[in-house]
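Here is entry-v9.cif, consisting of mmCIF, C-alpha atoms:
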data_upload
loop_
_atom_site.label_atom_id
_atom_site.label_comp_id
_atom_site.auth_asym_id
_atom_site.auth_seq_id
_atom_site.Cartn_x
_atom_site.Cartn_y
_atom_site.Cartn_z
CA MET A 1 0.15 -13.67 19.61
CA LEU A 2 0.86 -16.69 17.44
CA ARG A 3 4.28 -16.14 15.92
CA HIS A 4 6.61 -18.59 14.18
CA PRO A 5 10.20 -18.80 15.41
CA LEU A 6 12.88 -18.67 12.71
CA ALA A 7 13.13 -22.43 12.44
CA VAL A 8 9.43 -22.92 11.68
CA ARG A 9 8.21 -22.59 8.12
CA PRO A 10 4.46 -23.17 7.97
CA VAL A 11 3.34 -25.21 4.97
CA ARG A 12 0.00 -23.51 4.75
CA ALA A 13 -1.77 -20.90 6.84
CA ALA A 14 -5.23 -21.45 8.24
CA VAL A 15 -8.00 -19.81 6.25
CA VAL A 16 -10.43 -17.47 7.92
CA THR A 17 -13.25 -16.15 5.77
CA LEU A 18 -14.53 -12.79 6.89
CA VAL A 19 -16.82 -10.50 4.99
CA ALA A 20 -17.25 -6.82 5.60
CA GLY A 21 -20.55 -5.22 6.55
CA SER A 22 -22.05 -2.05 5.16
CA LEU A 23 -22.37 0.99 7.42
CA PHE A 24 -21.27 4.58 7.71
CA ALA A 25 -19.75 6.05 10.86
CA ALA A 26 -16.92 8.35 11.99
CA GLY A 27 -14.10 8.12 14.60
CA CYS A 28 -10.16 8.06 14.89
CA SER A 29 -7.12 5.73 15.06
CA SER A 30 -3.44 5.78 14.23
CA ASP A 31 -2.65 2.67 12.21
CA GLY A 32 -6.34 1.79 12.68
CA GLY A 33 -7.59 -1.48 11.20
CA SER A 34 -10.58 -3.52 9.59
CA GLY A 35 -12.92 -6.68 9.12
CA ASP A 36 -16.21 -7.63 10.79
CA GLY A 37 -16.92 -11.21 9.63
CA SER A 38 -20.50 -10.72 8.41
CA GLU A 39 -21.84 -12.03 5.09
CA LYS A 40 -22.98 -9.49 2.51
CA GLU A 41 -23.55 -8.99 -1.19
CA SER A 42 -21.49 -6.63 -3.33
CA ARG A 43 -23.01 -3.23 -3.98
CA MET A 44 -20.39 -1.56 -6.17
CA PRO A 45 -21.10 -1.27 -9.91
CA SER A 46 -18.67 -2.79 -12.35
CA ALA A 47 -16.15 -0.49 -13.95
CA SER A 48 -13.57 -0.86 -16.64
CA GLY A 49 -10.45 1.14 -17.35
CA GLU A 50 -9.34 4.42 -15.80
CA GLY A 51 -12.76 5.74 -14.91
CA SER A 52 -15.43 4.47 -17.29
CA ASP A 53 -18.28 2.49 -15.80
CA GLY A 54 -19.18 -0.78 -17.45
CA PRO A 55 -18.55 -4.52 -17.30
CA GLY A 56 -15.04 -5.76 -16.73
CA GLY A 57 -13.12 -8.86 -15.73
CA SER A 58 -13.63 -12.48 -16.69
CA ALA A 59 -16.92 -14.33 -16.85
CA SER A 60 -16.75 -15.40 -13.23
CA GLY A 61 -13.50 -14.10 -11.75
CA PRO A 62 -11.21 -16.11 -9.47
CA PRO A 63 -12.58 -18.84 -7.20
CA PRO A 64 -14.26 -17.67 -3.99
CA LYS A 65 -11.67 -19.43 -1.81
CA GLY A 66 -7.94 -19.03 -2.26
CA SER A 67 -4.80 -20.25 -0.58
CA VAL A 68 -1.48 -18.96 0.75
CA LYS A 69 1.67 -21.03 1.23
CA VAL A 70 4.71 -19.53 2.93
CA GLU A 71 7.49 -20.99 0.80
CA ARG A 72 10.38 -19.52 2.79
CA THR A 73 11.71 -16.66 4.84
CA VAL A 74 13.87 -14.67 2.43
CA ALA A 75 15.54 -12.26 4.88
CA THR A 76 15.56 -11.39 8.56
CA GLY A 77 16.86 -8.59 10.76
CA LEU A 78 15.32 -5.64 8.90
CA ASP A 79 14.91 -2.33 10.75
CA SER A 80 11.52 -0.56 10.49
CA PRO A 81 10.92 -1.63 6.86
CA TRP A 82 8.26 0.37 5.01
CA GLY A 83 8.56 0.42 1.22
CA MET A 84 9.46 -2.49 -1.03
CA ALA A 85 10.22 -2.39 -4.77
CA PRO A 86 11.03 -5.47 -6.90
CA LEU A 87 13.88 -5.36 -9.40
CA PRO A 88 13.86 -7.18 -12.77
CA ASP A 89 16.36 -9.83 -11.57
CA GLY A 90 14.17 -10.90 -8.64
CA ASP A 91 15.92 -8.87 -5.96
CA LEU A 92 14.12 -6.31 -3.79
CA LEU A 93 14.78 -2.79 -2.61
CA VAL A 94 13.53 -2.08 0.91
CA SER A 95 13.33 1.28 2.69
CA SER A 96 13.81 1.76 6.44
CA ARG A 97 11.45 4.38 7.82
CA ASP A 98 13.51 5.26 10.88
CA SER A 99 17.10 4.98 9.60
CA GLY A 100 16.47 6.52 6.19
CA LYS A 101 18.42 3.71 4.50
CA ILE A 102 17.61 1.71 1.39
CA LEU A 103 18.74 -1.91 1.21
CA ARG A 104 18.95 -4.36 -1.65
CA VAL A 105 17.87 -7.85 -0.63
CA ASP A 106 18.88 -10.82 -2.77
CA GLY A 107 15.66 -12.63 -3.65
CA GLU A 108 17.28 -16.05 -3.29
CA SER A 109 19.94 -15.82 -0.58
CA GLY A 110 18.48 -12.94 1.43
CA LYS A 111 21.84 -11.16 1.44
CA LYS A 112 21.41 -7.48 2.33
CA THR A 113 23.44 -4.72 0.69
CA GLU A 114 23.09 -1.08 1.77
CA LEU A 115 22.62 1.33 -1.13
CA GLY A 116 22.89 4.35 1.15
CA SER A 117 20.83 6.78 3.21
CA VAL A 118 18.45 9.36 1.80
CA PRO A 119 19.62 12.81 2.95
CA GLY A 120 17.03 15.07 4.55
CA THR A 121 14.90 12.29 6.00
CA ALA A 122 13.38 13.42 9.31
CA PRO A 123 11.80 10.39 11.01
CA GLY A 124 9.23 10.91 13.72
CA GLY A 125 5.83 9.45 14.51
CA GLU A 126 4.55 7.88 11.30
CA GLY A 127 6.98 9.88 9.15
CA GLY A 128 10.40 9.07 7.76
CA LEU A 129 11.59 7.25 4.67
CA LEU A 130 8.39 5.67 3.36
CA GLY A 131 7.54 4.37 -0.11
CA ILE A 132 10.03 3.60 -2.86
CA ALA A 133 9.51 2.85 -6.55
CA VAL A 134 11.59 1.92 -9.58
CA PRO A 135 10.38 2.94 -13.08
CA ALA A 136 9.82 0.05 -15.47
CA GLY A 137 12.87 -0.40 -17.66
CA ASP A 138 14.95 2.08 -15.67
CA ASP A 139 16.28 0.27 -12.61
CA ASP A 140 19.20 2.66 -12.25
CA MET A 141 16.81 5.27 -10.84
CA VAL A 142 15.12 4.98 -7.43
CA TYR A 143 12.22 7.19 -6.35
CA ALA A 144 11.46 7.71 -2.65
CA TYR A 145 8.72 9.40 -0.62
CA LEU A 146 10.11 10.90 2.58
CA THR A 147 9.26 13.16 5.47
CA THR A 148 11.59 16.13 5.88
CA ALA A 149 11.75 18.86 8.51
CA SER A 150 9.19 20.89 6.58
CA ASP A 151 7.05 18.59 4.42
CA ASN A 152 6.60 15.23 2.73
CA ARG A 153 8.21 15.04 -0.69
CA ILE A 154 9.27 12.75 -3.51
CA VAL A 155 12.89 12.55 -4.63
CA ARG A 156 14.77 10.43 -7.15
CA MET A 157 18.34 9.18 -7.02
CA LEU A 158 20.68 7.52 -9.46
CA TYR A 159 21.55 4.00 -8.33
CA ASP A 160 24.88 2.43 -9.25
CA PRO A 161 25.34 -1.09 -7.78
CA ARG A 162 28.97 -1.12 -8.98
CA LYS A 163 29.93 1.35 -6.27
CA LYS A 164 30.80 0.37 -2.72
CA PRO A 165 27.89 -0.51 -0.40
CA GLY A 166 26.60 2.58 1.38
CA GLY A 167 27.65 4.84 -1.48
CA GLN A 168 25.53 3.54 -4.35
CA LEU A 169 22.94 6.34 -4.34
CA GLY A 170 23.46 9.68 -6.04
CA ALA A 171 22.36 13.00 -4.58
CA PRO A 172 18.57 13.28 -4.33
CA ASP A 173 16.78 15.32 -6.96
CA THR A 174 13.49 16.71 -5.64
CA VAL A 175 10.67 15.68 -7.97
CA PHE A 176 7.73 16.99 -5.95
CA LYS A 177 7.45 18.79 -2.60
CA GLY A 178 4.98 20.53 -0.33
CA ILE A 179 2.87 17.54 0.73
CA PRO A 180 1.61 18.22 4.29
CA LYS A 181 3.45 16.40 7.08
CA GLY A 182 2.42 15.49 10.60
CA SER A 183 3.14 13.06 13.39
CA ILE A 184 0.39 10.88 11.86
CA HIS A 185 -1.17 10.29 8.44
CA ASN A 186 1.72 11.04 6.12
CA GLY A 187 0.55 8.68 3.38
CA GLY A 188 3.73 7.58 1.65
CA ARG A 189 3.01 4.91 -0.94
CA ILE A 190 4.29 5.66 -4.45
CA ALA A 191 4.05 3.55 -7.61
CA PHE A 192 4.38 3.83 -11.36
CA GLY A 193 1.16 3.02 -13.19
CA PRO A 194 0.68 1.17 -16.46
CA ASP A 195 0.51 4.64 -18.08
CA LYS A 196 4.10 5.25 -16.84
CA MET A 197 2.88 8.09 -14.65
CA LEU A 198 3.94 8.38 -10.99
CA TYR A 199 1.17 8.04 -8.40
CA ALA A 200 1.40 8.97 -4.71
CA GLY A 201 -0.97 8.35 -1.81
CA THR A 202 -1.00 11.15 0.76
CA GLY A 203 -2.55 11.57 4.20
CA GLU A 204 -4.29 14.54 5.75
CA ALA A 205 -1.53 14.82 8.40
CA GLY A 206 -4.10 15.00 11.19
CA ASP A 207 -5.94 17.98 9.67
CA ARG A 208 -9.06 16.34 8.30
CA GLU A 209 -10.30 19.44 6.46
CA GLN A 210 -7.47 19.10 3.94
CA SER A 211 -9.05 15.98 2.44
CA GLN A 212 -11.96 17.90 0.90
CA ASP A 213 -9.85 20.91 -0.11
CA LYS A 214 -8.80 20.43 -3.73
CA ASP A 215 -6.15 23.12 -3.30
CA SER A 216 -4.44 21.03 -0.61
CA LEU A 217 -2.19 18.05 -1.37
CA GLY A 218 -3.24 16.28 1.84
CA GLY A 219 -5.70 13.38 1.78
CA LYS A 220 -5.31 12.80 -1.96
CA ILE A 221 -4.03 10.43 -4.60
CA LEU A 222 -1.68 12.38 -6.85
CA ARG A 223 -0.80 11.62 -10.48
CA MET A 224 2.22 13.20 -12.12
CA THR A 225 4.89 12.69 -14.75
CA PRO A 226 8.18 11.11 -13.63
CA ASP A 227 9.50 14.69 -13.46
CA GLY A 228 6.78 15.77 -11.03
CA GLU A 229 4.63 17.76 -13.46
CA PRO A 230 0.84 17.44 -13.86
CA ALA A 231 0.16 14.44 -16.08
CA GLY A 232 -2.40 16.28 -18.22
CA HIS A 233 -4.49 13.86 -20.29
CA GLY A 234 -6.26 11.32 -18.09
CA SER A 235 -6.37 13.54 -15.01
CA PRO A 236 -9.50 15.39 -13.82
CA GLU A 237 -7.81 18.76 -14.32
CA PRO A 238 -4.91 18.87 -16.80
CA ASP A 239 -2.96 21.45 -14.77
CA SER A 240 -3.34 19.68 -11.41
CA VAL A 241 -1.68 16.60 -9.89
CA VAL A 242 -4.78 15.81 -7.80
CA TYR A 243 -6.29 12.59 -9.13
CA SER A 244 -8.80 11.76 -6.37
CA TYR A 245 -9.68 13.32 -3.02
CA GLY A 246 -11.58 12.77 0.20
CA HIS A 247 -9.00 10.32 1.57
CA ARG A 248 -7.84 9.99 5.18
CA ASN A 249 -4.50 8.17 4.81
CA VAL A 250 -3.80 6.22 1.62
CA GLN A 251 -1.37 3.37 2.26
CA GLY A 252 -1.50 1.03 -0.74
CA LEU A 253 -1.64 1.45 -4.54
CA ALA A 254 -1.89 -1.31 -7.17
CA TRP A 255 -3.35 -1.93 -10.64
CA ASP A 256 -5.21 -4.97 -11.90
CA ALA A 257 -4.86 -6.62 -15.32
CA ASP A 258 -7.40 -4.20 -16.79
CA LYS A 259 -5.40 -1.19 -15.55
CA ARG A 260 -7.85 -0.28 -12.79
CA LEU A 261 -6.29 1.47 -9.82
CA TRP A 262 -6.94 0.15 -6.31
CA ALA A 263 -6.04 1.81 -3.01
CA SER A 264 -6.14 0.83 0.65
CA GLU A 265 -6.93 3.41 3.28
CA PHE A 266 -6.91 3.73 7.06
CA GLY A 267 -10.28 4.42 8.60
CA GLN A 268 -10.76 6.13 11.95
CA ASP A 269 -12.71 4.20 14.57
CA THR A 270 -15.11 2.31 12.36
CA TRP A 271 -14.15 1.23 8.84
CA ASP A 272 -10.95 0.65 6.91
CA GLU A 273 -11.37 0.64 3.14
CA LEU A 274 -10.37 -0.87 -0.20
CA ASN A 275 -11.27 1.61 -2.93
CA HIS A 276 -11.47 1.41 -6.70
CA ILE A 277 -9.95 4.76 -7.69
CA ARG A 278 -11.40 6.77 -10.56
CA PRO A 279 -10.23 10.23 -11.59
CA GLY A 280 -11.96 13.15 -9.93
CA ARG A 281 -13.96 11.05 -7.49
CA ASN A 282 -14.57 12.12 -3.89
CA TYR A 283 -14.05 9.26 -1.40
CA GLY A 284 -15.77 11.01 1.47
CA TRP A 285 -13.38 11.71 4.34
CA PRO A 286 -14.08 13.32 6.79
CA GLU A 287 -17.80 13.40 6.03
CA ALA A 288 -18.00 9.68 5.31
CA GLU A 289 -16.16 6.61 6.56
CA GLY A 290 -17.04 3.31 4.93
CA LYS A 291 -20.12 2.67 2.80
CA GLY A 292 -23.36 4.57 2.63
CA GLY A 293 -22.27 8.05 3.64
CA GLY A 294 -23.37 11.24 1.92
CA ASP A 295 -26.49 9.88 0.17
CA GLY A 296 -24.57 9.07 -3.01
CA LYS A 297 -22.42 12.19 -2.90
CA PHE A 298 -19.29 10.12 -2.31
CA THR A 299 -17.78 7.01 -3.91
CA ASP A 300 -18.19 4.01 -1.62
CA PRO A 301 -15.38 1.54 -0.93
CA VAL A 302 -15.56 -1.84 -2.65
CA GLU A 303 -14.80 -3.54 0.69
CA GLN A 304 -14.55 -2.40 4.29
CA TRP A 305 -13.27 -3.87 7.56
CA ASP A 306 -13.57 -3.21 11.27
CA VAL A 307 -10.50 -1.24 12.30
CA ALA A 308 -9.30 -3.99 14.65
CA ASP A 309 -9.01 -6.50 11.82
CA ALA A 310 -6.99 -4.70 9.17
CA SER A 311 -5.23 -1.34 9.54
CA PRO A 312 -4.42 -1.79 5.84
CA SER A 313 -1.04 -0.97 4.41
CA GLY A 314 0.48 -2.10 1.08
CA ILE A 315 -1.54 -3.98 -1.53
CA ALA A 316 -0.76 -6.09 -4.59
CA VAL A 317 -2.78 -7.76 -7.34
CA ALA A 318 -2.15 -11.42 -8.16
CA LYS A 319 -4.26 -14.35 -9.41
CA GLY A 320 -7.31 -12.14 -9.94
CA SER A 321 -7.40 -10.88 -6.34
CA VAL A 322 -6.23 -7.87 -4.40
CA TRP A 323 -3.95 -8.89 -1.53
CA MET A 324 -3.81 -6.44 1.37
CA ALA A 325 -1.28 -6.35 4.21
CA GLY A 326 -2.71 -5.68 7.68
CA LEU A 327 -0.85 -3.94 10.49
CA ARG A 328 -3.08 -3.97 13.55
CA GLY A 329 -4.93 -6.94 12.06
CA GLU A 330 -1.65 -8.90 11.67
CA ARG A 331 -2.92 -10.77 8.64
CA LEU A 332 -2.99 -10.88 4.85
CA TRP A 333 -6.36 -10.29 3.24
CA ARG A 334 -7.46 -11.74 -0.12
CA ILE A 335 -10.23 -9.88 -1.98
CA PRO A 336 -11.28 -11.89 -5.08
CA LEU A 337 -12.69 -9.67 -7.83
CA ASN A 338 -14.62 -10.02 -11.05
CA GLY A 339 -14.09 -6.61 -12.59
CA THR A 340 -14.81 -4.28 -9.66
CA LYS A 341 -17.21 -6.63 -7.88
CA PRO A 342 -16.08 -9.03 -5.15
CA VAL A 343 -16.94 -12.61 -6.04
CA ALA A 344 -16.86 -13.54 -2.34
CA GLY A 345 -16.08 -12.02 1.00
CA PRO A 346 -12.50 -11.19 1.99
CA GLN A 347 -10.40 -14.12 3.20
CA ALA A 348 -7.75 -13.79 5.93
CA PHE A 349 -4.41 -15.63 6.00
CA LEU A 350 -1.35 -15.69 8.30
CA GLU A 351 -3.46 -14.31 11.14
CA GLY A 352 -1.16 -13.57 14.10
CA GLU A 353 1.61 -15.78 12.71
CA TYR A 354 4.17 -13.16 11.72
CA GLY A 355 2.85 -10.04 13.41
CA ARG A 356 2.21 -6.76 11.62
CA LEU A 357 2.41 -6.84 7.82
CA ARG A 358 3.53 -3.57 6.20
CA ALA A 359 3.91 -4.21 2.47
CA VAL A 360 3.16 -6.83 -0.14
CA VAL A 361 4.25 -6.85 -3.79
CA SER A 362 3.66 -9.22 -6.70
CA ASP A 363 6.47 -11.25 -8.24
CA GLY A 364 4.66 -11.09 -11.59
CA GLY A 365 3.28 -14.62 -11.36
CA ASP A 366 1.56 -16.62 -8.64
CA GLY A 367 3.78 -15.32 -5.87
CA LEU A 368 4.06 -12.39 -3.48
CA TRP A 369 6.71 -10.91 -1.25
CA ALA A 370 5.49 -9.66 2.11
CA VAL A 371 7.44 -7.68 4.69
CA THR A 372 6.63 -7.63 8.40
CA ASN A 373 6.68 -4.49 10.56
CA GLU A 374 7.33 -5.33 14.20
CA THR A 375 10.33 -3.00 14.73
CA ASP A 376 8.55 0.33 14.09
CA SER A 377 7.81 0.95 17.83
CA ARG A 378 4.24 -0.36 17.57
CA GLY A 379 4.98 -4.05 17.33
CA THR A 380 6.41 -6.65 19.69
CA PRO A 381 9.57 -7.75 17.88
CA GLU A 382 10.93 -11.23 18.30
CA LYS A 383 14.26 -12.71 17.26
CA GLY A 384 14.69 -12.31 13.51
CA ASP A 385 12.22 -9.45 13.03
CA ASP A 386 11.62 -7.85 10.69
CA ARG A 387 11.58 -10.31 7.83
CA ILE A 388 10.62 -10.77 4.19
CA LEU A 389 8.44 -13.78 3.31
CA LYS A 390 8.02 -15.43 -0.08
CA LEU A 391 4.44 -16.53 -0.60
CA LYS A 392 2.71 -18.69 -3.21
CA VAL A 393 -0.93 -17.68 -3.61
CA SER A 394 -4.02 -18.75 -5.48
#
Let me see the structure of the file written as C-alpha cells.
Amino acid sequence: MLRHPLAVRPVRAAVVTLVAGSLFAAGCSSDGGSGDGSEKESRMPSASGEGSDGPGGSASGPPPKGSVKVERTVATGLDSPWGMAPLPDGDLLVSSRDSGKILRVDGESGKKTELGSVPGTAPGGEGGLLGIAVPAGDDDMVYAYLTTASDNRIVRMLYDPRKKPGGQLGAPDTVFKGIPKGSIHNGGRIAFGPDKMLYAGTGEAGDREQSQDKDSLGGKILRMTPDGEPAGHGSPEPDSVVYSYGHRNVQGLAWDADKRLWASEFGQDTWDELNHIRPGRNYGWPEAEGKGGGDGKFTDPVEQWDVADASPSGIAVAKGSVWMAGLRGERLWRIPLNGTKPVAGPQAFLEGEYGRLRAVVSDGGDGLWAVTNETDSRGTPEKGDDRILKLKVS
C-alpha cells in the first residue's frame, strides 16, 4: 500500500480515470467496494429539484477532468473516526465509532478538544457512534446517530464549549429510535437538508428483506423534522418518515446546488452505487444491485463501481461534482455532473496514499475535509493514523 509518512505532503495526487459499467447482479460484502474502469455513456434521465424529472444544471457542467491537491494534514492520532460535521468558524466535530466520544478539531492548528462521550453507545462490528450533524444556525446543538444495546437511534445534545473539556455535552435527548441494528449494515449517516429537515441513511442490519418492507426502518433513507416527527409535505406519505427504500446500507448523504439529494451505498459482491434520491422511489435491494435490474421497476444508480474499487462512505458536493470517500478502494472519487447526468466517467484520486477514507465534507468553497479510517480494525494503521486532510479540488 502506498502511504505517505507524516513528513510527506503530496503536492498533487495522480489521476486515474475509471468509468463504471452497466450490469445487474447480486452478492455480499461488509464494507464492500466499487469501480471497473470501462467507458460508458450516461443512461439516467435529468432531474431537477426534490423529485421532478426535467433538465437541470448548467449548460455543460464541470470539466470532465478535475484535480485534487492535498494542502495539509490538519490533525493526526484520531481513534476510529466516523462522522464529521463542520462548524461555522472552520472547526470540525468528529465522532469516534468505538470510544463513543466527540472531538472538536481546530481547522487551522489541528488541536483536539474532547466534548464528551455519548451515553448508551454500544460499539460492536460496524456499530457504535456513527454520524453527527449540526443544524444550520444552531451550533450549540449536536445530533448523533448511534448504536445502542437494542437499536440504532438519533439523539441530540446541547453543546457548551465554555465548559471544561470532556463535560461540554448535555444529556442526550432521544429524537428517533427503533432503527434495526446488527453487527453489519447499520447505516449511520445523518444530515440536515436545505429544507431544514433531518435525513438519515439506514442499513438493513443483515436482514435483506427489511429493505423492501415499507413498515421497517431498515434499508431506507428517512426524512423527519428536527424533533423526529414525520416531515409531512415533501415526503411520499405525510405520516411516515420513510423517504426512499430498497437500500442495502446507505453511507453518504449530500445535496447539490439545485437541492437534489445524493446518496452512496454499499453493494454486495458486484456493484457499489451513487444514487440520485427522489421521494418514494425504490432503489432495488435485494432484488437489484447496480443498473438494469427489475425491468424498470427500480430506480437505477447514476454511477456504479466494482466492489473492490470503492466501498463508498461519506460524500460531499463541491465544484459541480460529487466527491465520494472509498474505504476498501482507498481513494477519493470525483463524479462530475450536469444536472443528474455524469459529464464524464468517475475519476480517482489519492489511490492508496492515505489508506481507507471514511468521510468527506465541503468547506463551502473549493475545498474539502477528508478523514481516514485505518484504526477501525479493518485497516493497517501507521504512525499518525487516523488523520484529517485539507484538500483543494476542482
Where does the PyMOL selection byres ((chain A and resi 166-169) around 12) land in this file, that is, which residues does it pick, as a ChimeraX atom specification?
/A:100-104,112-119,140-144,155-165,170-173
In Å, rounded to a single decimal, give me how far CA of Trp323 in chain A is from CA of Arg260 in chain A.
14.7 Å
Contacts of Thr76 in chain A at 6 Å (all atoms listed in the file; same-chain gap of 2+ positions) as a JSON list (two decimals) with C-alpha atoms, in the coordinates of the input:
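What ended up in result.json:
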[["chain", "number", "residue", "atom", "x", "y", "z"],
["A", 78, "LEU", "CA", 15.32, -5.64, 8.90],
["A", 384, "GLY", "CA", 14.69, -12.31, 13.51],
["A", 385, "ASP", "CA", 12.22, -9.45, 13.03],
["A", 386, "ASP", "CA", 11.62, -7.85, 10.69],
["A", 387, "ARG", "CA", 11.58, -10.31, 7.83]]
Please, what distance in Å, to one decimal, runs between CA of Gln268 in chain A and CA of Glu126 in chain A?
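Distance reported for this atom pair: 15.4 Å.
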I want to know what sits within 6 Å of range 238-253 of chain A, based on only C-alpha atoms, with residues of the same chain fewer than 4 positions away left out; could you give that as a ChimeraX atom specification?
/A:185,187,189,201-204,211-212,219-224,230,232,262-266,279-285,313-315
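Pairwise distance (CA of Leu87 in chain A, CA of Asn373 in chain A) equals 21.2 Å.
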Neighbours of range 358-366 of chain A within 8 Å (only C-alpha atoms; same-chain residues fewer than 3 positions away dropped), as a PDB file with C-alpha atoms, in the frame of the given file?
ATOM      1  CA  PRO A  81      10.920  -1.630   6.860  1.00  0.00           C
ATOM      2  CA  TRP A  82       8.260   0.370   5.010  1.00  0.00           C
ATOM      3  CA  GLY A  83       8.560   0.420   1.220  1.00  0.00           C
ATOM      4  CA  MET A  84       9.460  -2.490  -1.030  1.00  0.00           C
ATOM      5  CA  ALA A  85      10.220  -2.390  -4.770  1.00  0.00           C
ATOM      6  CA  PRO A  86      11.030  -5.470  -6.900  1.00  0.00           C
ATOM      7  CA  GLY A  90      14.170 -10.900  -8.640  1.00  0.00           C
ATOM      8  CA  SER A 313      -1.040  -0.970   4.410  1.00  0.00           C
ATOM      9  CA  GLY A 314       0.480  -2.100   1.080  1.00  0.00           C
ATOM     10  CA  ILE A 315      -1.540  -3.980  -1.530  1.00  0.00           C
ATOM     11  CA  ALA A 316      -0.760  -6.090  -4.590  1.00  0.00           C
ATOM     12  CA  VAL A 317      -2.780  -7.760  -7.340  1.00  0.00           C
ATOM     13  CA  ALA A 318      -2.150 -11.420  -8.160  1.00  0.00           C
ATOM     14  CA  LYS A 319      -4.260 -14.350  -9.410  1.00  0.00           C
ATOM     15  CA  TRP A 323      -3.950  -8.890  -1.530  1.00  0.00           C
ATOM     16  CA  MET A 324      -3.810  -6.440   1.370  1.00  0.00           C
ATOM     17  CA  ALA A 325      -1.280  -6.350   4.210  1.00  0.00           C
ATOM     18  CA  GLY A 326      -2.710  -5.680   7.680  1.00  0.00           C
ATOM     19  CA  LEU A 327      -0.850  -3.940  10.490  1.00  0.00           C
ATOM     20  CA  TRP A 369       6.710 -10.910  -1.250  1.00  0.00           C
ATOM     21  CA  ALA A 370       5.490  -9.660   2.110  1.00  0.00           C
ATOM     22  CA  VAL A 371       7.440  -7.680   4.690  1.00  0.00           C
ATOM     23  CA  THR A 372       6.630  -7.630   8.400  1.00  0.00           C
ATOM     24  CA  ASN A 373       6.680  -4.490  10.560  1.00  0.00           C
ATOM     25  CA  LYS A 392       2.710 -18.690  -3.210  1.00  0.00           C
ATOM     26  CA  VAL A 393      -0.930 -17.680  -3.610  1.00  0.00           C
ATOM     27  CA  SER A 394      -4.020 -18.750  -5.480  1.00  0.00           C
TER      28      SER A 394
END
Centre and edge lengths, as AutoDock Vina command-line options, for the axis-aligned box enclosing every listed atom of range 348-359 of chain A with 4 Å of padding on each of the six sides, in Å to one decimal?
--center_x -1.8 --center_y -9.7 --center_z 8.3 --size_x 19.9 --size_y 20.2 --size_z 19.6
Given the choices A:Val68, A:Ala191, A:Leu130, A:Ala257, which gets closest to Gly367 in chain A if the distance is worked out from only C-alpha atoms?
A:Val68
Selection under test: the PyMOL selection byres ((chain A and resi 299-301) around 8); residues as a list in words:
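Taken on the displayed file, the PyMOL selection byres ((chain A and resi 299-301) around 8) yields the residues Met44, Glu273, Leu274, Asn275, His276, Arg281, Asn282, Tyr283, Gly284, Gly290, Lys291, Gly292, Gly293, Gly296, Lys297, Phe298, Val302, Glu303 and Gln304 of chain A.
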Given the selection you just returned, output its residues as a file containing C-alpha atoms, formatted as a short mmCIF file (atom, residue, chain, number, x, y, z; two decimals), keeping the file's coordinate frame.
data_model
loop_
_atom_site.label_atom_id
_atom_site.label_comp_id
_atom_site.auth_asym_id
_atom_site.auth_seq_id
_atom_site.Cartn_x
_atom_site.Cartn_y
_atom_site.Cartn_z
CA MET A 44 -20.39 -1.56 -6.17
CA GLU A 273 -11.37 0.64 3.14
CA LEU A 274 -10.37 -0.87 -0.20
CA ASN A 275 -11.27 1.61 -2.93
CA HIS A 276 -11.47 1.41 -6.70
CA ARG A 281 -13.96 11.05 -7.49
CA ASN A 282 -14.57 12.12 -3.89
CA TYR A 283 -14.05 9.26 -1.40
CA GLY A 284 -15.77 11.01 1.47
CA GLY A 290 -17.04 3.31 4.93
CA LYS A 291 -20.12 2.67 2.80
CA GLY A 292 -23.36 4.57 2.63
CA GLY A 293 -22.27 8.05 3.64
CA GLY A 296 -24.57 9.07 -3.01
CA LYS A 297 -22.42 12.19 -2.90
CA PHE A 298 -19.29 10.12 -2.31
CA VAL A 302 -15.56 -1.84 -2.65
CA GLU A 303 -14.80 -3.54 0.69
CA GLN A 304 -14.55 -2.40 4.29
#
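The nearest approach to Ser311 in chain A among the residues A:Thr270, A:Ser95, A:Ser183, A:Gln210, with all atoms listed in the file taken into account, belongs to A:Thr270.
Closest to Trp255 in chain A among A:Phe176, A:Trp271, A:Tyr145, A:Tyr199 is A:Tyr199, based on all atoms listed in the file.
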